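> Next comes the structure file target_26.txt, holding compact mmCIF, C-alpha atoms and all ligand atoms.
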```txt
# COMPACT_ATOMS: atom_id res chain seq x y z
CA MET A 1 -34.87 -68.95 19.04
CA ILE A 2 -32.01 -70.99 20.42
CA SER A 3 -28.97 -71.16 18.14
CA ARG A 4 -27.75 -74.69 17.59
CA ARG A 5 -24.76 -73.74 15.47
CA ARG A 6 -22.10 -73.90 18.14
CA ILE A 7 -23.59 -77.01 19.59
CA LEU A 8 -23.36 -78.72 16.21
CA ILE A 9 -19.79 -77.55 15.86
CA GLY A 10 -19.23 -79.06 19.28
CA GLY A 11 -20.63 -82.33 18.06
CA GLY A 12 -18.18 -82.18 15.16
CA VAL A 13 -15.24 -81.61 17.49
CA ALA A 14 -16.35 -84.51 19.62
CA ALA A 15 -16.81 -86.76 16.61
CA ALA A 16 -13.36 -85.88 15.28
CA ALA A 17 -11.79 -86.46 18.67
CA ALA A 18 -13.64 -89.71 18.93
CA ALA A 19 -12.43 -91.17 15.62
CA GLY A 20 -11.30 -94.61 16.54
CA GLY A 21 -14.28 -96.01 18.25
CA ALA A 22 -15.99 -93.82 20.84
CA ALA A 23 -19.32 -93.65 19.07
CA ILE A 24 -20.97 -95.22 22.09
CA SER A 25 -19.89 -92.34 24.27
CA ILE A 26 -21.18 -89.82 21.76
CA SER A 27 -24.56 -91.46 21.56
CA GLY A 28 -24.51 -91.45 25.36
CA MET A 29 -24.40 -87.65 25.43
CA GLY A 30 -28.16 -87.25 25.05
CA SER A 31 -29.74 -84.74 22.71
CA MET A 32 -30.46 -81.05 22.98
CA GLY A 33 -34.12 -81.86 22.31
CA GLU A 34 -34.14 -84.00 25.43
CA TYR A 35 -32.32 -81.26 27.32
CA ASP A 36 -34.65 -78.44 26.22
CA ALA A 37 -37.70 -80.53 27.19
CA ALA A 38 -36.26 -81.07 30.68
CA SER A 39 -35.21 -77.46 31.24
CA GLN A 40 -38.52 -76.12 29.92
CA ALA A 41 -40.58 -78.48 32.10
CA LEU A 42 -38.95 -76.79 35.11
CA ARG A 43 -40.20 -73.49 33.75
CA ALA A 44 -43.81 -74.53 33.00
CA PRO A 45 -46.33 -71.83 33.98
CA LEU A 46 -47.78 -72.14 37.46
CA PRO A 47 -51.42 -73.25 37.75
CA ASN A 48 -53.91 -70.54 38.75
CA VAL A 49 -54.01 -71.90 42.28
CA PRO A 50 -50.46 -73.18 42.76
CA ALA A 51 -49.40 -75.53 45.52
CA THR A 52 -46.63 -74.21 47.74
CA ARG A 53 -44.29 -76.64 45.97
CA ASP A 54 -45.08 -74.93 42.65
CA ILE A 55 -44.08 -71.58 44.14
CA ILE A 56 -40.86 -73.17 45.39
CA ARG A 57 -40.18 -74.44 41.87
CA TYR A 58 -40.25 -70.82 40.69
CA ALA A 59 -37.98 -69.82 43.61
CA THR A 60 -35.37 -72.31 42.44
CA LEU A 61 -35.26 -70.75 38.97
CA ALA A 62 -33.28 -67.90 40.53
CA ALA A 63 -29.68 -67.14 39.70
CA ASN A 64 -27.23 -68.88 42.03
CA GLY A 65 -23.47 -69.22 42.15
CA HIS A 66 -22.12 -72.08 39.95
CA ASN A 67 -25.74 -73.34 39.89
CA THR A 68 -25.08 -75.34 43.06
CA GLN A 69 -28.57 -74.44 44.38
CA PRO A 70 -27.40 -74.02 48.00
CA TRP A 71 -30.85 -74.03 49.61
CA ARG A 72 -33.40 -76.14 51.46
CA PHE A 73 -37.03 -75.19 51.94
CA ARG A 74 -39.36 -75.65 54.87
CA ILE A 75 -43.13 -75.21 54.55
CA SER A 76 -45.41 -74.46 57.48
CA ASP A 77 -48.73 -72.70 57.83
CA GLY A 78 -48.48 -69.28 56.16
CA ARG A 79 -44.71 -69.53 55.98
CA ILE A 80 -41.98 -70.71 53.63
CA ALA A 81 -38.41 -70.69 54.98
CA ILE A 82 -35.25 -70.99 52.91
CA ALA A 83 -32.22 -72.26 54.81
CA PRO A 84 -28.65 -72.53 53.51
CA ASP A 85 -27.39 -75.91 52.36
CA PHE A 86 -23.73 -75.75 53.29
CA SER A 87 -23.03 -79.01 51.48
CA LYS A 88 -23.28 -76.88 48.30
CA ARG A 89 -20.57 -74.40 49.27
CA THR A 90 -17.90 -73.35 46.80
CA PRO A 91 -15.16 -72.55 49.31
CA VAL A 92 -12.49 -71.45 46.85
CA VAL A 93 -14.41 -68.83 44.88
CA ASP A 94 -16.65 -68.01 47.86
CA PRO A 95 -14.69 -68.59 51.09
CA ASP A 96 -17.04 -66.60 53.35
CA ASP A 97 -20.25 -67.96 51.76
CA HIS A 98 -21.14 -64.51 50.45
CA HIS A 99 -22.46 -65.88 47.15
CA LEU A 100 -24.28 -68.67 48.95
CA TRP A 101 -26.30 -66.14 50.96
CA ALA A 102 -26.77 -63.87 47.93
CA SER A 103 -28.11 -66.89 46.00
CA ILE A 104 -30.64 -67.48 48.76
CA GLY A 105 -31.64 -63.83 48.41
CA CYS A 106 -32.20 -64.36 44.67
CA ALA A 107 -34.44 -67.37 45.37
CA ALA A 108 -36.32 -65.50 48.11
CA GLU A 109 -37.12 -62.70 45.70
CA ASN A 110 -38.48 -65.07 43.05
CA MET A 111 -40.52 -66.77 45.76
CA SER A 112 -42.15 -63.62 47.12
CA ILE A 113 -42.93 -62.30 43.62
CA ALA A 114 -44.48 -65.63 42.53
CA ALA A 115 -46.45 -66.01 45.77
CA ALA A 116 -47.79 -62.44 45.57
CA ALA A 117 -48.85 -62.95 41.95
CA HIS A 118 -51.07 -65.77 43.23
CA GLY A 119 -52.53 -63.95 46.21
CA ARG A 120 -50.09 -64.99 48.92
CA VAL A 121 -48.76 -61.64 49.98
CA GLY A 122 -46.14 -61.19 52.65
CA GLU A 123 -42.79 -60.08 53.96
CA THR A 124 -39.37 -61.60 53.51
CA ARG A 125 -36.89 -61.28 56.39
CA PHE A 126 -33.66 -62.79 57.60
CA ASP A 127 -33.96 -64.82 60.80
CA PRO A 128 -30.42 -65.69 61.93
CA ALA A 129 -31.39 -66.54 65.51
CA GLY A 130 -34.25 -68.87 64.70
CA GLU A 131 -33.91 -71.21 61.76
CA GLY A 132 -30.85 -69.42 60.36
CA ALA A 133 -33.01 -68.86 57.36
CA VAL A 134 -34.85 -66.41 55.20
CA ILE A 135 -38.49 -66.43 56.24
CA PHE A 136 -41.40 -65.53 54.00
CA ASP A 137 -44.61 -65.05 56.02
CA TYR A 138 -47.72 -64.52 53.94
CA VAL A 139 -51.47 -64.03 54.15
CA ASP A 140 -54.16 -64.56 51.52
CA ALA A 141 -54.78 -61.22 49.81
CA THR A 142 -55.48 -59.66 46.43
CA PRO A 143 -52.91 -60.95 43.91
CA ILE A 144 -50.18 -58.48 43.00
CA ALA A 145 -49.52 -58.47 39.26
CA SER A 146 -45.97 -57.61 38.21
CA PRO A 147 -43.97 -57.82 35.00
CA LEU A 148 -41.26 -59.39 37.15
CA TYR A 149 -43.46 -62.45 37.70
CA GLY A 150 -43.79 -63.21 33.98
CA ALA A 151 -40.02 -62.85 33.63
CA ILE A 152 -39.15 -65.56 36.21
CA PRO A 153 -39.18 -68.53 33.77
CA LYS A 154 -37.61 -66.47 30.96
CA ARG A 155 -34.63 -65.05 32.87
CA GLN A 156 -31.31 -66.67 32.16
CA SER A 157 -27.63 -65.79 32.42
CA VAL A 158 -26.48 -65.17 28.87
CA ARG A 159 -22.69 -65.39 28.68
CA SER A 160 -22.34 -64.24 25.09
CA GLU A 161 -21.55 -61.09 23.19
CA TYR A 162 -24.39 -58.58 23.12
CA SER A 163 -25.30 -56.07 20.39
CA GLY A 164 -23.74 -53.01 22.02
CA ALA A 165 -26.96 -51.00 21.49
CA ALA A 166 -27.83 -48.45 24.16
CA VAL A 167 -30.82 -49.03 26.46
CA PRO A 168 -33.33 -46.14 26.32
CA ILE A 169 -33.37 -43.87 29.38
CA ALA A 170 -36.84 -45.07 30.38
CA GLY A 171 -35.54 -48.63 30.35
CA LEU A 172 -32.58 -47.72 32.56
CA GLN A 173 -34.92 -45.92 34.95
CA ALA A 174 -37.14 -49.01 35.13
CA LEU A 175 -34.09 -51.16 35.89
CA ALA A 176 -33.00 -48.82 38.67
CA ALA A 177 -36.53 -48.71 40.12
CA ALA A 178 -36.88 -52.50 40.10
CA ALA A 179 -33.53 -52.97 41.84
CA SER A 180 -34.24 -50.35 44.50
CA ILE A 181 -34.34 -52.10 47.87
CA PRO A 182 -33.60 -50.43 51.23
CA GLY A 183 -30.10 -51.37 52.38
CA VAL A 184 -28.66 -51.91 48.89
CA ASP A 185 -27.20 -49.50 46.35
CA ALA A 186 -27.49 -50.51 42.71
CA VAL A 187 -25.25 -48.35 40.54
CA ILE A 188 -25.77 -48.55 36.79
CA LEU A 189 -22.80 -47.63 34.62
CA THR A 190 -23.27 -46.97 30.90
CA ASP A 191 -20.40 -44.57 30.22
CA ARG A 192 -17.94 -46.35 27.88
CA LYS A 193 -14.93 -45.14 29.85
CA ALA A 194 -16.33 -46.62 33.06
CA LEU A 195 -17.23 -49.84 31.23
CA ALA A 196 -13.65 -50.10 29.95
CA GLN A 197 -12.47 -49.82 33.57
CA VAL A 198 -14.87 -52.59 34.61
CA ARG A 199 -13.54 -54.68 31.72
CA ASP A 200 -9.98 -54.22 32.97
CA LEU A 201 -11.00 -55.22 36.49
CA VAL A 202 -12.85 -58.31 35.21
CA ILE A 203 -9.75 -59.32 33.26
CA ALA A 204 -7.50 -58.75 36.29
CA GLY A 205 -9.85 -60.84 38.42
CA ASN A 206 -10.17 -63.57 35.83
CA THR A 207 -6.39 -63.76 35.44
CA ALA A 208 -5.96 -64.16 39.21
CA GLN A 209 -8.63 -66.86 39.34
CA MET A 210 -7.38 -68.80 36.31
CA ASN A 211 -3.87 -68.81 37.80
CA ASP A 212 -5.23 -70.47 40.94
CA PRO A 213 -5.34 -74.26 40.40
CA ALA A 214 -7.79 -74.62 43.30
CA PHE A 215 -10.24 -72.23 41.58
CA VAL A 216 -10.05 -74.17 38.30
CA GLN A 217 -10.41 -77.48 40.13
CA GLU A 218 -13.51 -76.29 41.99
CA LEU A 219 -15.05 -74.88 38.80
CA LYS A 220 -14.47 -78.17 36.96
CA GLN A 221 -16.51 -80.04 39.55
CA TRP A 222 -19.54 -78.00 38.54
CA LEU A 223 -19.10 -78.16 34.76
CA ARG A 224 -21.47 -80.37 32.75
CA PHE A 225 -20.36 -81.04 29.19
CA ASN A 226 -23.30 -82.79 27.56
CA PRO A 227 -27.10 -82.87 27.80
CA ARG A 228 -27.22 -86.21 29.57
CA ALA A 229 -24.72 -85.19 32.25
CA ALA A 230 -26.54 -81.88 32.78
CA ILE A 231 -29.97 -83.52 33.05
CA ARG A 232 -28.69 -86.26 35.34
CA ALA A 233 -27.03 -83.80 37.73
CA GLY A 234 -29.79 -81.18 37.57
CA ASP A 235 -27.22 -78.60 38.63
CA GLY A 236 -23.90 -77.08 37.60
CA LEU A 237 -22.84 -75.15 34.53
CA PHE A 238 -23.76 -76.81 31.25
CA SER A 239 -21.43 -75.83 28.41
CA ALA A 240 -24.27 -75.19 25.94
CA CYS A 241 -25.78 -72.62 28.33
CA SER A 242 -22.62 -70.55 27.81
CA GLY A 243 -22.61 -71.07 24.03
CA ASN A 244 -19.83 -73.66 24.29
CA PRO A 245 -19.59 -77.07 22.57
CA VAL A 246 -21.13 -80.18 24.03
CA LEU A 247 -18.63 -83.01 24.52
CA PRO A 248 -18.62 -86.62 25.66
CA ASP A 249 -17.56 -86.99 29.29
CA TRP A 250 -14.48 -89.07 28.43
CA ILE A 251 -12.82 -86.36 26.32
CA ALA A 252 -14.30 -83.21 27.89
CA PRO A 253 -11.63 -82.63 30.57
CA VAL A 254 -8.84 -82.87 27.99
CA LEU A 255 -10.43 -80.53 25.43
CA PHE A 256 -11.59 -78.19 28.19
CA GLY A 257 -8.05 -78.02 29.57
CA MET A 258 -6.74 -77.09 26.11
CA ALA A 259 -9.35 -74.40 25.37
CA PHE A 260 -9.76 -72.92 28.88
CA THR A 261 -6.77 -70.60 29.11
CA ALA A 262 -6.48 -67.22 30.81
CA SER A 263 -5.75 -65.44 27.52
CA ALA A 264 -8.70 -67.02 25.69
CA GLU A 265 -11.05 -66.28 28.59
CA ASN A 266 -9.77 -62.72 28.94
CA ALA A 267 -10.30 -62.04 25.22
CA LYS A 268 -13.83 -63.36 25.58
CA TYR A 269 -14.56 -61.18 28.62
CA ALA A 270 -13.18 -58.11 26.82
CA LYS A 271 -15.68 -58.68 23.99
CA HIS A 272 -18.47 -59.34 26.46
CA LEU A 273 -17.92 -56.03 28.22
CA GLU A 274 -17.33 -54.08 25.01
CA THR A 275 -20.65 -55.26 23.55
CA SER A 276 -22.69 -54.74 26.74
CA SER A 277 -25.01 -51.76 27.10
CA GLY A 278 -24.03 -51.31 30.71
CA VAL A 279 -23.01 -52.80 34.01
CA ALA A 280 -24.80 -52.74 37.37
CA VAL A 281 -22.84 -52.90 40.61
CA PHE A 282 -24.77 -53.93 43.76
CA SER A 283 -23.49 -53.17 47.23
CA GLY A 284 -25.16 -53.62 50.59
CA ALA A 285 -24.90 -50.88 53.23
CA LYS A 286 -23.25 -53.42 55.54
CA ASP A 287 -21.00 -56.41 54.91
CA ASP A 288 -23.07 -59.07 56.67
CA HIS A 289 -25.37 -62.02 55.87
CA ASP A 290 -28.49 -59.87 55.94
CA HIS A 291 -27.10 -57.45 53.37
CA TRP A 292 -25.65 -60.21 51.16
CA ILE A 293 -29.18 -61.62 50.97
CA LEU A 294 -30.58 -58.16 50.23
CA ALA A 295 -27.99 -57.66 47.47
CA GLY A 296 -29.10 -60.98 45.95
CA ARG A 297 -32.72 -59.87 46.09
CA ALA A 298 -31.93 -56.55 44.39
CA ALA A 299 -29.85 -58.29 41.71
CA GLN A 300 -32.60 -60.82 41.04
CA ARG A 301 -35.14 -57.99 40.65
CA PHE A 302 -32.77 -56.23 38.27
CA GLN A 303 -32.40 -59.37 36.13
CA LEU A 304 -36.16 -59.92 36.03
CA GLN A 305 -36.85 -56.32 35.02
CA ALA A 306 -34.14 -56.60 32.34
CA THR A 307 -35.74 -59.81 31.06
CA ALA A 308 -39.13 -58.08 30.93
CA GLU A 309 -37.53 -55.37 28.78
CA GLY A 310 -36.05 -57.88 26.33
CA LEU A 311 -32.54 -57.51 27.76
CA LYS A 312 -30.09 -60.26 28.69
CA THR A 313 -27.85 -60.22 31.75
CA ALA A 314 -24.74 -62.05 32.93
CA PHE A 315 -22.66 -61.94 36.09
CA VAL A 316 -19.11 -60.62 35.77
CA ASN A 317 -18.29 -60.96 39.42
CA GLN A 318 -14.54 -61.43 39.28
CA PRO A 319 -13.68 -57.96 40.70
CA ALA A 320 -16.09 -58.58 43.59
CA GLU A 321 -14.66 -62.05 44.22
CA VAL A 322 -10.95 -61.17 44.22
CA PRO A 323 -10.50 -59.12 47.41
CA SER A 324 -7.64 -56.95 46.11
CA LEU A 325 -9.89 -55.56 43.33
CA ARG A 326 -12.86 -54.58 45.49
CA THR A 327 -11.54 -51.16 46.53
CA GLU A 328 -11.11 -50.02 42.93
CA LEU A 329 -14.49 -51.38 41.87
CA ALA A 330 -16.24 -49.68 44.79
CA ALA A 331 -14.58 -46.36 43.92
CA LEU A 332 -15.56 -46.75 40.27
CA ALA A 333 -19.18 -47.28 41.34
CA GLY A 334 -19.02 -44.20 43.57
CA LEU A 335 -19.27 -46.30 46.72
CA PRO A 336 -15.83 -45.88 48.32
CA GLY A 337 -15.21 -48.06 51.35
CA ARG A 338 -18.05 -50.44 50.56
CA ARG A 339 -17.85 -54.09 49.55
CA PRO A 340 -19.23 -54.61 46.03
CA ASP A 341 -21.51 -57.66 46.25
CA ILE A 342 -22.54 -58.41 42.68
CA VAL A 343 -21.61 -57.18 39.21
CA LEU A 344 -24.02 -57.76 36.31
CA ARG A 345 -23.65 -56.72 32.70
CA PHE A 346 -26.69 -56.23 30.51
CA GLY A 347 -27.56 -55.71 26.87
CA TYR A 348 -29.40 -57.14 23.89
CA GLY A 349 -28.29 -60.69 23.16
CA PRO A 350 -29.38 -64.13 21.98
CA GLU A 351 -31.38 -66.71 23.88
CA LEU A 352 -29.24 -69.70 24.89
CA PRO A 353 -30.29 -73.08 26.33
CA TYR A 354 -31.72 -72.69 29.84
CA SER A 355 -29.97 -74.10 32.90
CA MET A 356 -31.17 -77.14 34.87
CA ARG A 357 -32.34 -77.40 38.48
CA ARG A 358 -32.47 -80.32 40.92
CA ALA A 359 -35.68 -81.17 42.76
CA PRO A 360 -35.27 -79.08 45.93
CA VAL A 361 -35.27 -80.55 49.44
CA ILE A 362 -38.57 -79.50 51.05
CA ASP A 363 -39.49 -80.24 54.67
CA GLU A 364 -43.14 -79.95 55.59
CA VAL A 365 -43.87 -78.99 59.18
CA GLU A 366 -47.34 -79.87 60.52
C1 LIG B 401 -24.02 -64.57 43.79
C2 LIG B 401 -23.85 -65.07 42.37
C3 LIG B 401 -22.60 -65.01 41.75
C4 LIG B 401 -22.44 -65.45 40.44
N1 LIG B 401 -21.22 -65.32 39.84
C5 LIG B 401 -21.09 -65.66 38.54
C6 LIG B 401 -19.87 -65.39 37.85
O1 LIG B 401 -18.90 -64.85 38.42
N2 LIG B 401 -19.78 -65.73 36.54
C7 LIG B 401 -20.83 -66.28 35.87
O2 LIG B 401 -20.71 -66.55 34.68
N3 LIG B 401 -22.01 -66.52 36.50
C8 LIG B 401 -22.16 -66.21 37.81
N4 LIG B 401 -23.35 -66.40 38.43
C9 LIG B 401 -24.49 -66.92 37.65
C10 LIG B 401 -24.77 -68.40 37.90
O3 LIG B 401 -23.74 -69.21 37.37
C11 LIG B 401 -26.11 -68.76 37.27
O4 LIG B 401 -27.13 -68.02 37.90
C12 LIG B 401 -26.42 -70.24 37.38
O5 LIG B 401 -25.52 -71.00 36.62
C13 LIG B 401 -27.85 -70.58 36.92
O6 LIG B 401 -28.02 -70.18 35.59
P1 LIG B 401 -29.13 -69.13 35.17
O7 LIG B 401 -28.78 -67.81 35.81
O8 LIG B 401 -29.07 -69.08 33.68
O9 LIG B 401 -30.45 -69.62 35.68
C14 LIG B 401 -23.55 -65.98 39.75
C15 LIG B 401 -24.80 -66.04 40.37
C16 LIG B 401 -24.95 -65.58 41.67
C17 LIG B 401 -26.31 -65.59 42.32
```
Would you mind writing the file out in structure tokens?

Amino acid sequence: MISRRRILIGGGVAAAAAAGGAAISISGMGSMGEYDAASQALRAPLPNVPATRDIIRYATLAANGHNTQPWRFRISDGRIAIAPDFSKRTPVVDPDDHHLWASIGCAAENMSIAAAAHGRVGETRFDPAGEGAVIFDYVDATPIASPLYGAIPKRQSVRSEYSGAAVPIAGLQALAAAASIPGVDAVILTDRKALAQVRDLVIAGNTAQMNDPAFVQELKQWLRFNPRAAIRAGDGLFSACSGNPVLPDWIAPVLFGMAFTASAENAKYAKHLETSSGVAVFSGAKDDHDHWILAGRAAQRFQLQATAEGLKTAFVNQPAEVPSLRTELAALAGLPGRRPDIVLRFGYGPELPYSMRRAPVIDEVE
């Protein structure tokens, strides 16, 4: 059940701010009903015999940095390739395109799980020399059922407080098993002392990022403040998906600037970590494109398994993004000397509105 309370409060803020004649802009925001219909249509179940484009739709439901969807697809006989779309880079937060490649890994994992569930079974590999892409080669075979498949349209990043309840051991073991991929370590931390250390690193990272005007400027480009803007763009970070108010475009930058402060964000992150059941740190054995993709695949599998168990997840990547914090995070995860790729928190939390996707670029090769 999606809570509307904060959204309604948001509408109130907007209405108050608009006193004096901006009713047209408010009515131009679109409705959450419209938004939910659009975001759920993207997540409609696949037909029994899906077209390759249907499988690609499920691939695009993967987590991806700032929801830029930095991918292009190419279909040929028995093959789907995912190539990077460098026009969707986020060079400030992700100067070496690490997250871009990890996002492609997340999409590749959704794709191979969805294809296998419908009898297209194959291997996913990185092909830097050829198409500079991730290649999924498949053959027709017996469908592979998996709880991860059913979780693809239900997974979402939930940036809210969680309940703080512990996950049963069997659940943690299932999370670890799902995330187990050769070439990637997934370390699950549930000890409160370790979680407090992660919290402090997230706050240090967030403070550094919020004090960087270029980071804030880049983030703003991907923020969508109302249903209409989010539907129209089909990408970016919609405020309601993070439990924040919806606002008309004309006032959003002003109100956002007032509310989006380092201290307010840090207080929020502290609560988020304190109410999480645990944190998972993903780190590839090597610091290269191949392993960034693998880390994305492992993280996507982790999120899907969590979703299947009724858990919510959210990225708290700041200590992996700010280079000076990586050494401490790696040591905390018991992986000294390694680059931490992805940090996810997990726990029991609410459902929030689902994020949008653009129609992907798909090339068909005869
Ligand atoms: C490599 C990577 C890094 C991410 N980093 C963050 C982050 O630091 N903070 C955050 O809130 N979300 C982060 N995200 C989550 C994306 O914003 C999210 O997946 C996207 O907006 C789509 O929303 P969804 O996950 O609900 O489908 C990251 C995702 C990926 C794949």
> Could the residues that lie within 6 Å of ligand LIG 401 (chain B), counting all atoms listed in the file, be listed as a PyMOL selection string?
chain A and resi 61-67+99+102-103+156-157+237+315-318+354-355
> Under the rule that only C-alpha atoms are counted, which of A:Leu201, A:Ala308, A:Ala208, A:Phe256 is the nearest residue to Leu325 in chain A?
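Residue with the minimum atom-to-atom distance to Leu325 in chain A: A:Leu201.
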> Is there a way to get, as an mmCIF file with C-alpha atoms, in the coordinates of the input, all residues within 6 Å of the point (-33.3, -55.9, 38.1) in file coordinates, counting only C-alpha atoms?

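part18.cif written:
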```cif
data_model
loop_
_atom_site.group_PDB
_atom_site.id
_atom_site.type_symbol
_atom_site.label_atom_id
_atom_site.label_comp_id
_atom_site.auth_asym_id
_atom_site.auth_seq_id
_atom_site.Cartn_x
_atom_site.Cartn_y
_atom_site.Cartn_z
ATOM 1 C CA LEU A 175 -34.090 -51.160 35.890
ATOM 2 C CA ALA A 178 -36.880 -52.500 40.100
ATOM 3 C CA ALA A 179 -33.530 -52.970 41.840
ATOM 4 C CA ALA A 299 -29.850 -58.290 41.710
ATOM 5 C CA GLN A 300 -32.600 -60.820 41.040
ATOM 6 C CA ARG A 301 -35.140 -57.990 40.650
ATOM 7 C CA PHE A 302 -32.770 -56.230 38.270
ATOM 8 C CA GLN A 303 -32.400 -59.370 36.130
ATOM 9 C CA LEU A 304 -36.160 -59.920 36.030
ATOM 10 C CA GLN A 305 -36.850 -56.320 35.020
ATOM 11 C CA ALA A 306 -34.140 -56.600 32.340
#
```
> Using all atoms listed in the file, which residue out of A:Tyr35, A:Ala115, A:Ala176, A:Asp77 lies closest to Asp54 in chain A?
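Once distances to Asp54 in chain A are computed over all atoms listed in the file, the minimum belongs to A:Ala115.
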> Here is a test: counting all atoms listed in the file, which residue of A:Leu311, A:Ala196, A:Leu189, A:Leu219 is nearest to Lys271 in chain A?
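Closest to Lys271 in chain A of all the choices is A:Ala196.
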> Have a look at CA of Arg192 in chain A and CA of Trp292 in chain A and let me know their distance in Å, one decimal.
28.2 Å
> Around all listed atoms of range 78-93 of chain A, padded 3 Å per side, what centre and edge lengths does the axis-aligned box have in Å to one decimal, as AutoDock Vina command-line options?

```
--center_x -30.5 --center_y -73.9 --center_z 50.5 --size_x 42.0 --size_y 16.2 --size_z 17.3
```
> With distances taken over all atoms listed in the file, which residue among A:Val254, A:Val365, A:Leu223, A:Leu294 lies nearest His98 in chain A?
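Smallest distance to His98 in chain A is found for A:Leu294.
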> Please measure the separation of CA of Ala252 in chain A and CA of Arg155 in chain A, giving the value in Å to one decimal.
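Separation of CA of Ala252 in chain A and CA of Arg155 in chain A: 27.7 Å.
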> Just want the 10 Å neighbourhood of Gln197 in chain A, counted on all atoms listed in the file, with same-chain residues fewer than 4 positions away dropped. Output as an MDAnalysis selection string.
chainID A and resid 192:193 201:203 273 328:329 332
> Do you have the CA of Asn244 in chain A-CA of Arg159 in chain A distance handy?
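Interatomic distance here is 9.8 Å.
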> Give the answer as one residue: which of A:Met32, A:Ala44, A:Leu148, A:Ala320 has the shortest atom-to-atom distance to Pro353 in chain A, using only C-alpha atoms?
A:Met32
> Can you pull out every residue within 6 Å of range 107-109 of chain A, counting all atoms listed in the file, but drop anything in the same chain fewer than 6 positions away, and send it as a list in words?
Ala59, Thr60, Ala62 and Arg297 of chain A
> Identify, on the basis of all atoms listed in the file, every residue whose closest approach to Asn226 in chain A does not exceed 7 Å; exclude the query and any residue fewer than 2 positions from it along the same chain; express the result as a list in words.
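Neighbouring residues, sequence-local ones excluded: Met29, Arg224, Arg228, Ala229, Ala230, Val246, Leu247 and Pro248 of chain A.
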> So which residues touch range 167-174 of chain A within 8 Å, counting only C-alpha atoms, skipping near sequence neighbours fewer than 5 positions away, as a count of residues only?
4
> At a cut-off of 7 Å, using all atoms listed in the file, what residues contact range 338-342 of chain A? Leave out same-chain residues fewer than 5 positions from it and give the result as an mmCIF file with C-alpha atoms, keeping the file's coordinate frame.

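Saved the output as out09.cif:
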```cif
data_model
loop_
_atom_site.group_PDB
_atom_site.id
_atom_site.type_symbol
_atom_site.label_atom_id
_atom_site.label_comp_id
_atom_site.auth_asym_id
_atom_site.auth_seq_id
_atom_site.Cartn_x
_atom_site.Cartn_y
_atom_site.Cartn_z
ATOM 1 C CA VAL A 281 -22.840 -52.900 40.610
ATOM 2 C CA PHE A 282 -24.770 -53.930 43.760
ATOM 3 C CA SER A 283 -23.490 -53.170 47.230
ATOM 4 C CA GLY A 284 -25.160 -53.620 50.590
ATOM 5 C CA ASP A 287 -21.000 -56.410 54.910
ATOM 6 C CA TRP A 292 -25.650 -60.210 51.160
ATOM 7 C CA ALA A 295 -27.990 -57.660 47.470
ATOM 8 C CA ASN A 317 -18.290 -60.960 39.420
ATOM 9 C CA ALA A 320 -16.090 -58.580 43.590
ATOM 10 C CA ARG A 326 -12.860 -54.580 45.490
ATOM 11 C CA ALA A 330 -16.240 -49.680 44.790
#
```
